[in-house]
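With compact mmCIF, C-alpha atoms and all ligand atoms inside, this is run28.txt:
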# COMPACT_ATOMS: atom_id res chain seq x y z
CA MET A 1 104.50 174.91 -93.01
CA SER A 2 105.36 171.31 -92.13
CA GLY A 3 102.09 169.66 -93.14
CA ILE A 4 102.25 165.93 -93.84
CA VAL A 5 100.08 164.12 -96.37
CA ILE A 6 99.96 160.33 -96.29
CA ASP A 7 98.12 159.10 -99.35
CA LYS A 8 96.96 155.47 -99.73
CA VAL A 9 100.07 154.04 -98.11
CA TRP A 10 100.61 150.27 -97.87
CA LYS A 11 103.48 148.51 -96.14
CA GLU A 12 104.25 144.85 -96.72
CA TYR A 13 107.11 142.68 -95.48
CA GLY A 14 107.26 139.69 -97.83
CA ASP A 15 103.82 138.07 -97.67
CA GLN A 16 102.79 139.99 -94.57
CA ILE A 17 100.64 143.08 -95.07
CA VAL A 18 101.34 145.32 -92.07
CA LEU A 19 99.54 148.51 -93.11
CA GLU A 20 96.81 148.77 -95.67
CA ASN A 21 95.55 151.83 -97.49
CA VAL A 22 96.44 154.41 -94.84
CA SER A 23 95.54 158.01 -95.70
CA LEU A 24 96.01 160.88 -93.27
CA THR A 25 96.59 164.61 -93.57
CA ILE A 26 98.39 166.16 -90.63
CA GLU A 27 98.02 169.91 -90.35
CA PRO A 28 101.12 172.07 -89.75
CA ARG A 29 101.90 172.39 -86.01
CA GLY A 30 99.52 169.53 -85.24
CA PHE A 31 100.31 167.01 -82.51
CA VAL A 32 99.02 163.60 -83.55
CA ALA A 33 99.02 160.66 -81.13
CA LEU A 34 98.96 157.22 -82.78
CA VAL A 35 97.37 154.49 -80.68
CA GLY A 36 96.44 150.87 -81.40
CA PRO A 37 97.05 147.29 -80.33
CA SER A 38 100.56 145.91 -80.06
CA GLY A 39 102.00 144.81 -83.40
CA CYS A 40 99.50 146.70 -85.58
CA GLY A 41 102.22 148.72 -87.30
CA LYS A 42 102.45 152.03 -85.43
CA SER A 43 106.25 151.99 -85.25
CA THR A 44 106.45 150.90 -88.87
CA PHE A 45 104.32 153.91 -89.79
CA LEU A 46 106.60 156.20 -87.78
CA ARG A 47 109.71 154.69 -89.44
CA MET A 48 108.18 155.52 -92.83
CA LEU A 49 107.71 159.16 -91.73
CA LEU A 50 111.34 159.14 -90.61
CA GLY A 51 112.46 157.80 -94.01
CA GLN A 52 113.97 154.65 -92.50
CA GLU A 53 111.39 152.50 -94.32
CA GLN A 54 109.71 153.08 -97.66
CA PRO A 55 106.02 152.50 -98.34
CA THR A 56 105.36 149.49 -100.57
CA ARG A 57 102.69 151.60 -102.28
CA GLY A 58 101.37 155.13 -101.87
CA VAL A 59 103.10 158.42 -101.17
CA ILE A 60 104.09 160.56 -98.22
CA LEU A 61 104.47 164.32 -98.76
CA LEU A 62 106.13 166.78 -96.40
CA ASP A 63 105.30 170.40 -97.21
CA GLY A 64 103.94 169.19 -100.55
CA GLN A 65 107.19 167.44 -101.54
CA PRO A 66 107.81 163.67 -101.58
CA LEU A 67 109.49 162.66 -98.34
CA PRO A 68 113.24 162.12 -98.88
CA PRO A 69 113.93 158.36 -98.83
CA GLU A 70 116.28 158.60 -95.85
CA PRO A 71 116.28 160.26 -92.43
CA GLY A 72 117.33 163.94 -92.49
CA PRO A 73 117.64 166.92 -90.15
CA ASP A 74 114.10 168.05 -90.98
CA ARG A 75 112.79 165.03 -88.98
CA GLY A 76 113.86 164.50 -85.39
CA VAL A 77 113.16 161.28 -83.51
CA VAL A 78 113.06 160.15 -79.89
CA PHE A 79 112.62 156.47 -78.98
CA GLN A 80 111.71 154.93 -75.64
CA ARG A 81 115.39 154.14 -75.02
CA TYR A 82 118.81 154.44 -76.60
CA SER A 83 118.19 157.70 -78.44
CA VAL A 84 121.38 159.29 -77.08
CA PHE A 85 125.03 158.30 -77.37
CA PRO A 86 126.39 156.82 -74.11
CA HIS A 87 130.02 157.82 -74.76
CA LEU A 88 129.19 161.53 -75.23
CA THR A 89 128.38 164.06 -72.50
CA VAL A 90 125.07 165.91 -72.39
CA LEU A 91 126.67 168.83 -74.24
CA GLY A 92 128.39 166.46 -76.71
CA ASN A 93 125.10 164.73 -77.47
CA VAL A 94 123.26 168.00 -78.11
CA LEU A 95 126.10 169.37 -80.27
CA LEU A 96 126.59 166.21 -82.30
CA GLY A 97 123.90 166.80 -84.96
CA LYS A 98 125.28 170.27 -85.74
CA GLU A 99 128.85 168.97 -85.88
CA LEU A 100 127.86 166.20 -88.28
CA THR A 101 125.92 168.47 -90.62
CA GLU A 102 128.09 171.60 -90.50
CA ALA A 103 131.54 169.95 -90.31
CA ARG A 104 130.98 166.80 -92.30
CA ILE A 105 134.60 165.70 -92.53
CA SER A 106 136.06 166.40 -89.09
CA ALA A 107 132.72 166.35 -87.19
CA LYS A 108 134.22 169.18 -85.12
CA LEU A 109 133.33 172.86 -85.22
CA PHE A 110 135.95 175.53 -84.55
CA GLY A 111 136.10 179.20 -83.58
CA ALA A 112 132.98 181.34 -83.89
CA ALA A 113 130.91 178.48 -85.34
CA ARG A 114 131.71 176.32 -82.30
CA ARG A 115 130.97 179.16 -79.88
CA GLN A 116 127.61 179.79 -81.50
CA ALA A 117 126.68 176.11 -81.60
CA ARG A 118 127.70 175.79 -77.94
CA GLU A 119 125.51 178.72 -76.95
CA GLU A 120 122.57 177.23 -78.83
CA ALA A 121 123.19 173.84 -77.23
CA GLU A 122 123.37 175.35 -73.75
CA ALA A 123 120.09 177.22 -74.35
CA MET A 124 118.46 173.99 -75.53
CA ILE A 125 119.81 172.10 -72.50
CA ALA A 126 118.32 174.82 -70.28
CA ALA A 127 114.99 174.63 -72.15
CA VAL A 128 114.65 170.95 -71.22
CA GLY A 129 115.65 171.58 -67.60
CA LEU A 130 119.14 170.04 -67.70
CA SER A 131 121.27 173.10 -66.91
CA GLY A 132 124.20 172.08 -64.74
CA SER A 133 124.38 168.59 -66.27
CA GLU A 134 126.27 169.59 -69.42
CA GLY A 135 129.36 167.55 -68.49
CA LYS A 136 127.52 164.41 -67.36
CA TYR A 137 127.27 161.19 -69.35
CA PRO A 138 123.86 159.59 -70.03
CA ALA A 139 124.58 156.77 -67.53
CA GLN A 140 124.82 159.44 -64.81
CA LEU A 141 121.29 160.69 -65.60
CA SER A 142 117.92 159.31 -64.48
CA GLY A 143 115.55 157.86 -67.11
CA GLY A 144 113.52 161.08 -67.19
CA MET A 145 116.67 163.19 -67.61
CA GLN A 146 117.86 160.93 -70.44
CA GLN A 147 114.56 161.51 -72.27
CA ARG A 148 114.91 165.27 -71.69
CA LEU A 149 118.35 164.99 -73.24
CA ALA A 150 116.97 163.01 -76.19
CA LEU A 151 114.40 165.78 -76.77
CA ALA A 152 117.12 168.46 -76.60
CA GLN A 153 119.28 166.50 -79.05
CA ALA A 154 116.37 166.16 -81.52
CA LEU A 155 115.20 169.79 -81.17
CA MET A 156 118.69 171.26 -81.58
CA MET A 157 118.40 170.55 -85.30
CA LYS A 158 115.13 172.54 -85.47
CA PRO A 159 113.20 169.71 -87.15
CA LYS A 160 110.01 170.45 -89.04
CA VAL A 161 108.64 167.20 -87.71
CA LEU A 162 109.34 165.54 -84.37
CA LEU A 163 108.64 161.80 -84.28
CA LEU A 164 108.21 160.18 -80.87
CA ASP A 165 108.04 156.39 -80.41
CA GLU A 166 106.73 155.77 -76.89
CA PRO A 167 109.21 158.31 -75.56
CA PHE A 168 107.84 158.34 -72.02
CA GLY A 169 106.68 154.71 -71.81
CA ALA A 170 109.45 153.59 -69.45
CA LEU A 171 109.10 156.45 -66.96
CA ASP A 172 107.44 156.41 -63.53
CA PRO A 173 104.05 158.18 -63.40
CA GLY A 174 105.31 161.24 -61.46
CA ILE A 175 108.25 161.75 -63.80
CA ARG A 176 105.98 161.18 -66.75
CA ALA A 177 103.61 163.96 -65.64
CA GLU A 178 106.57 166.34 -65.37
CA ILE A 179 107.87 165.48 -68.80
CA HIS A 180 104.35 165.88 -70.25
CA GLN A 181 104.45 169.50 -69.07
CA LEU A 182 107.85 169.88 -70.73
CA MET A 183 106.56 168.30 -73.94
CA LYS A 184 103.65 170.76 -74.07
CA LYS A 185 106.02 173.66 -73.55
CA LEU A 186 108.38 172.43 -76.30
CA TRP A 187 105.51 171.95 -78.73
CA HIS A 188 104.18 175.45 -78.00
CA GLU A 189 107.59 177.05 -78.38
CA ASN A 190 109.09 175.23 -81.38
CA PRO A 191 107.62 175.55 -84.88
CA MET A 192 107.21 171.82 -85.43
CA THR A 193 104.59 169.18 -86.12
CA VAL A 194 104.64 166.21 -83.73
CA VAL A 195 103.67 162.58 -84.36
CA MET A 196 103.81 160.36 -81.28
CA VAL A 197 103.20 156.64 -80.85
CA THR A 198 101.89 155.76 -77.40
CA HIS A 199 100.16 152.92 -75.57
CA ASP A 200 98.89 155.34 -72.96
CA MET A 201 95.48 156.78 -73.86
CA ARG A 202 95.71 159.31 -71.06
CA GLU A 203 99.01 160.55 -72.47
CA ALA A 204 97.48 160.72 -75.95
CA PHE A 205 94.56 162.85 -74.78
CA THR A 206 96.76 165.00 -72.52
CA LEU A 207 99.19 166.04 -75.24
CA ALA A 208 97.71 165.66 -78.70
CA THR A 209 95.55 167.79 -80.94
CA ARG A 210 94.31 164.59 -82.58
CA VAL A 211 94.24 160.93 -81.57
CA VAL A 212 94.43 158.49 -84.47
CA ALA A 213 93.77 154.78 -83.90
CA PHE A 214 95.22 152.01 -86.06
CA GLU A 215 93.47 148.65 -86.05
CA ARG A 216 93.33 145.51 -88.10
CA PRO A 217 89.69 145.27 -89.16
CA ARG A 218 90.04 141.53 -89.76
CA ASP A 219 92.10 139.84 -87.09
CA ARG A 220 91.41 136.09 -87.26
CA PRO A 221 94.72 134.18 -87.12
CA GLU A 222 94.36 132.89 -90.68
CA GLU A 223 93.74 136.47 -91.92
CA LYS A 224 96.60 138.12 -90.04
CA LEU A 225 99.07 138.12 -92.91
CA ARG A 226 96.57 138.97 -95.64
CA TYR A 227 95.06 142.11 -94.17
CA GLY A 228 96.94 145.00 -92.64
CA ALA A 229 95.95 147.61 -90.09
CA THR A 230 94.44 150.89 -91.13
CA ILE A 231 93.06 154.02 -89.50
CA THR A 232 89.79 153.23 -87.77
CA LYS A 233 89.34 156.35 -85.62
CA ASP A 234 90.48 159.93 -85.94
CA ILE A 235 89.44 162.04 -82.95
CA SER A 236 90.08 165.77 -82.76
CA ILE A 237 90.52 166.99 -79.19
CA TRP A 238 87.76 169.28 -77.98
CA PRO A 239 88.12 172.10 -77.03
CA PRO A 240 90.81 172.33 -79.71
CA ARG A 241 94.46 172.73 -78.80
CA GLN A 242 96.54 175.16 -80.79
CA ALA A 243 100.31 175.44 -80.72
CA GLY A 244 101.48 178.62 -79.00
CA THR A 245 98.04 179.42 -77.58
CA ALA A 246 96.40 178.54 -74.29
CA SER A 247 92.91 177.05 -74.52
CA ILE A 248 90.33 179.83 -74.36
CA PHE A 249 87.94 177.47 -72.60
CA ARG A 250 90.38 176.11 -70.03
CA PRO A 251 93.53 178.26 -69.94
CA ASP A 252 95.22 175.93 -67.45
CA ARG A 253 94.74 172.79 -69.56
CA ASP A 254 97.34 173.32 -72.23
CA GLY A 255 99.94 175.10 -70.18
CA PRO A 256 102.51 176.19 -69.65
CA VAL A 257 101.35 178.91 -72.00
CA ASN A 258 99.79 182.16 -70.91
CA PRO A 259 96.90 183.80 -72.74
CA ASP A 260 99.28 186.58 -73.81
CA GLY A 261 101.20 183.94 -75.77
CA LEU A 262 104.27 184.09 -73.56
CA HIS A 263 105.60 181.04 -71.85
CA ARG A 264 105.53 181.28 -68.03
CA ASP A 265 109.31 180.95 -67.88
CA ASP A 266 109.81 183.63 -70.50
CA PRO A 267 111.84 186.45 -68.94
CA ALA A 268 109.56 188.98 -70.71
CA HIS A 269 106.65 187.53 -68.81
CA ARG A 270 108.32 187.81 -65.42
CA ARG A 271 109.01 191.51 -65.88
N1 LIG B 301 111.81 145.02 -90.65
C1 LIG B 301 110.78 144.18 -90.54
N2 LIG B 301 110.75 143.01 -91.22
C2 LIG B 301 109.70 142.19 -91.13
N3 LIG B 301 108.60 142.41 -90.38
C3 LIG B 301 108.57 143.56 -89.67
C4 LIG B 301 109.64 144.49 -89.71
N4 LIG B 301 109.32 145.55 -88.92
C5 LIG B 301 108.11 145.27 -88.39
N5 LIG B 301 107.66 144.09 -88.84
C6 LIG B 301 106.36 143.47 -88.50
O1 LIG B 301 105.37 144.47 -88.66
C7 LIG B 301 104.36 144.31 -87.67
C8 LIG B 301 104.13 145.63 -87.00
O2 LIG B 301 105.24 145.97 -86.16
P1 LIG B 301 105.35 147.38 -85.42
O3 LIG B 301 106.55 147.29 -84.55
O4 LIG B 301 105.27 148.46 -86.41
O5 LIG B 301 104.03 147.37 -84.54
P2 LIG B 301 103.61 148.34 -83.34
O6 LIG B 301 102.17 148.65 -83.53
O7 LIG B 301 104.54 149.48 -83.25
O8 LIG B 301 103.81 147.38 -82.10
P3 LIG B 301 104.12 147.72 -80.56
O9 LIG B 301 102.97 148.56 -80.10
O10 LIG B 301 104.16 146.39 -79.89
O11 LIG B 301 105.43 148.44 -80.52
C9 LIG B 301 104.83 143.20 -86.73
O12 LIG B 301 104.16 142.02 -87.08
C10 LIG B 301 106.29 143.09 -87.02
O13 LIG B 301 106.74 141.76 -86.83
Could you write out this file's structure as structure tokens?
Amino acid sequence: MSGIVIDKVWKEYGDQIVLENVSLTIEPRGFVALVGPSGCGKSTFLRMLLGQEQPTRGVILLDGQPLPPEPGPDRGVVFQRYSVFPHLTVLGNVLLGKELTEARISAKLFGAARRQAREEAEAMIAAVGLSGSEGKYPAQLSGGMQQRLALAQALMMKPKVLLLDEPFGALDPGIRAEIHQLMKKLWHENPMTVVMVTHDMREAFTLATRVVAFERPRDRPEEKLRYGATITKDISIWPPRQAGTASIFRPDRDGPVNPDGLHRDDPAHRR
């Protein structure tokens, strides 16, 4: 289920080697945080997982199959900014992916299909805490709400893999802490594997099951083009985090999940 294997991947742009010999196996339902100095190729790596860029050498497998050479609904993505469409409402943004895949020609769903998609979209909007904002446009939302919307838009397509490129980097610390809680909840509740680029080590260790560092082992100016970055550290969080399960050592750490496996907001839990 949604494991990713990256095997001896290189990425070059002309004469510049950006990534060199990167191998990584990401377990299904893992949450991997990618950290490293600016310009070392983290976003390039993420774009290869998305299918926007192809490796120069090496292979990437998703569920044992070569990754399709273009973005698809099995991979959702949220960037730091501009992930949502400014001319569509909250509901329109969340519905768009379904409309484009299920009604390819008109990009509009009708009748029962539209009703069902609308119900799903409203549930997803509620899951990210945006109920009541369905008719608003992104410009009418705060930065944190826009990122909640971007997460809802990506998750609506039930991706196997969610790719996050500094999604919370532009948010104030208080808002960021709130959205970290939301991100944990979404990871626990949705059957997906997450790969997130971040500059914030605290964020990496708060959310991830594993923190992977990219670095250029040789970084003298004259060597910059000839040697790429590669994985220099791969740290598994201890005590381990597991999707859908609260930590047995510190049940409050990986909330909001209860030891009985139910989310705190789950109506079944409140009964
Ligand atoms: N399409 C492209 N064409 C040419 N060079 C590129 C392209 N995309 C990225 N690069 C180069 O690849 C290198 C890595 O860029 P990338 O954005 O992946 O780094 P990063 O680690 O994500 O940086 P940051 O943390 O600052 O966002 C940079 O030197 C960049 O100029």
Ligand LIG 301 (chain B) neighbours within 7 Å using only C-alpha atoms and all ligand atoms, as an MDAnalysis selection string:
chainID A and resid 13 18 36:45 199
Check which residues of stretch 31-123 of chain A sit at most 12 Å from stretch 134-148 of chain A using only C-alpha atoms, and return one row each with the closest pair of atoms and their distance in Å to one decimal, ordered by chain and rising number, as a tab-separated table.
residue	atom	partner	partner_atom	distance
A:Val77	CA	A:Gln147	CA	11.3
A:Val78	CA	A:Gln147	CA	7.9
A:Phe79	CA	A:Gln147	CA	8.6
A:Gln80	CA	A:Gln147	CA	7.9
A:Arg81	CA	A:Gln147	CA	7.9
A:Tyr82	CA	A:Gln146	CA	9.0
A:Ser83	CA	A:Gln147	CA	8.1
A:Val84	CA	A:Pro138	CA	7.5
A:Phe85	CA	A:Pro138	CA	7.5
A:Pro86	CA	A:Pro138	CA	5.5
A:His87	CA	A:Tyr137	CA	6.9
A:Leu88	CA	A:Tyr137	CA	6.2
A:Thr89	CA	A:Tyr137	CA	4.4
A:Val90	CA	A:Glu134	CA	4.9
A:Leu91	CA	A:Glu134	CA	4.9
A:Gly92	CA	A:Glu134	CA	8.2
A:Asn93	CA	A:Tyr137	CA	9.1
A:Val94	CA	A:Glu134	CA	9.3
A:Leu95	CA	A:Glu134	CA	10.9
A:Arg118	CA	A:Glu134	CA	10.6
A:Glu119	CA	A:Glu134	CA	11.9
A:Ala121	CA	A:Glu134	CA	9.4
A:Glu122	CA	A:Glu134	CA	7.8
A:Ala123	CA	A:Glu134	CA	11.0
Saved selection, atoms kept: C-alpha atoms, as a compact mmCIF listing (two decimals), in the frame of the given file:
# COMPACT_ATOMS: atom_id res chain seq x y z
CA VAL A 77 113.16 161.28 -83.51
CA VAL A 78 113.06 160.15 -79.89
CA PHE A 79 112.62 156.47 -78.98
CA GLN A 80 111.71 154.93 -75.64
CA ARG A 81 115.39 154.14 -75.02
CA TYR A 82 118.81 154.44 -76.60
CA SER A 83 118.19 157.70 -78.44
CA VAL A 84 121.38 159.29 -77.08
CA PHE A 85 125.03 158.30 -77.37
CA PRO A 86 126.39 156.82 -74.11
CA HIS A 87 130.02 157.82 -74.76
CA LEU A 88 129.19 161.53 -75.23
CA THR A 89 128.38 164.06 -72.50
CA VAL A 90 125.07 165.91 -72.39
CA LEU A 91 126.67 168.83 -74.24
CA GLY A 92 128.39 166.46 -76.71
CA ASN A 93 125.10 164.73 -77.47
CA VAL A 94 123.26 168.00 -78.11
CA LEU A 95 126.10 169.37 -80.27
CA ARG A 118 127.70 175.79 -77.94
CA GLU A 119 125.51 178.72 -76.95
CA ALA A 121 123.19 173.84 -77.23
CA GLU A 122 123.37 175.35 -73.75
CA ALA A 123 120.09 177.22 -74.35
For A:Ile4, which residue among A:Ile125, A:Ala229, A:Leu62, A:Ala204 is the nearest when counting all atoms listed in the file?
A:Leu62
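Atom CA of A:Pro73 is found 10.2 Å from atom CA of A:Leu162.
In this structure, atom CA of A:Trp238 sits 27.6 Å away from atom CA of A:Leu155.
Atom CA of A:Leu163 to atom CA of A:Ala113 spans 27.8 Å [interatomic distance, one decimal].
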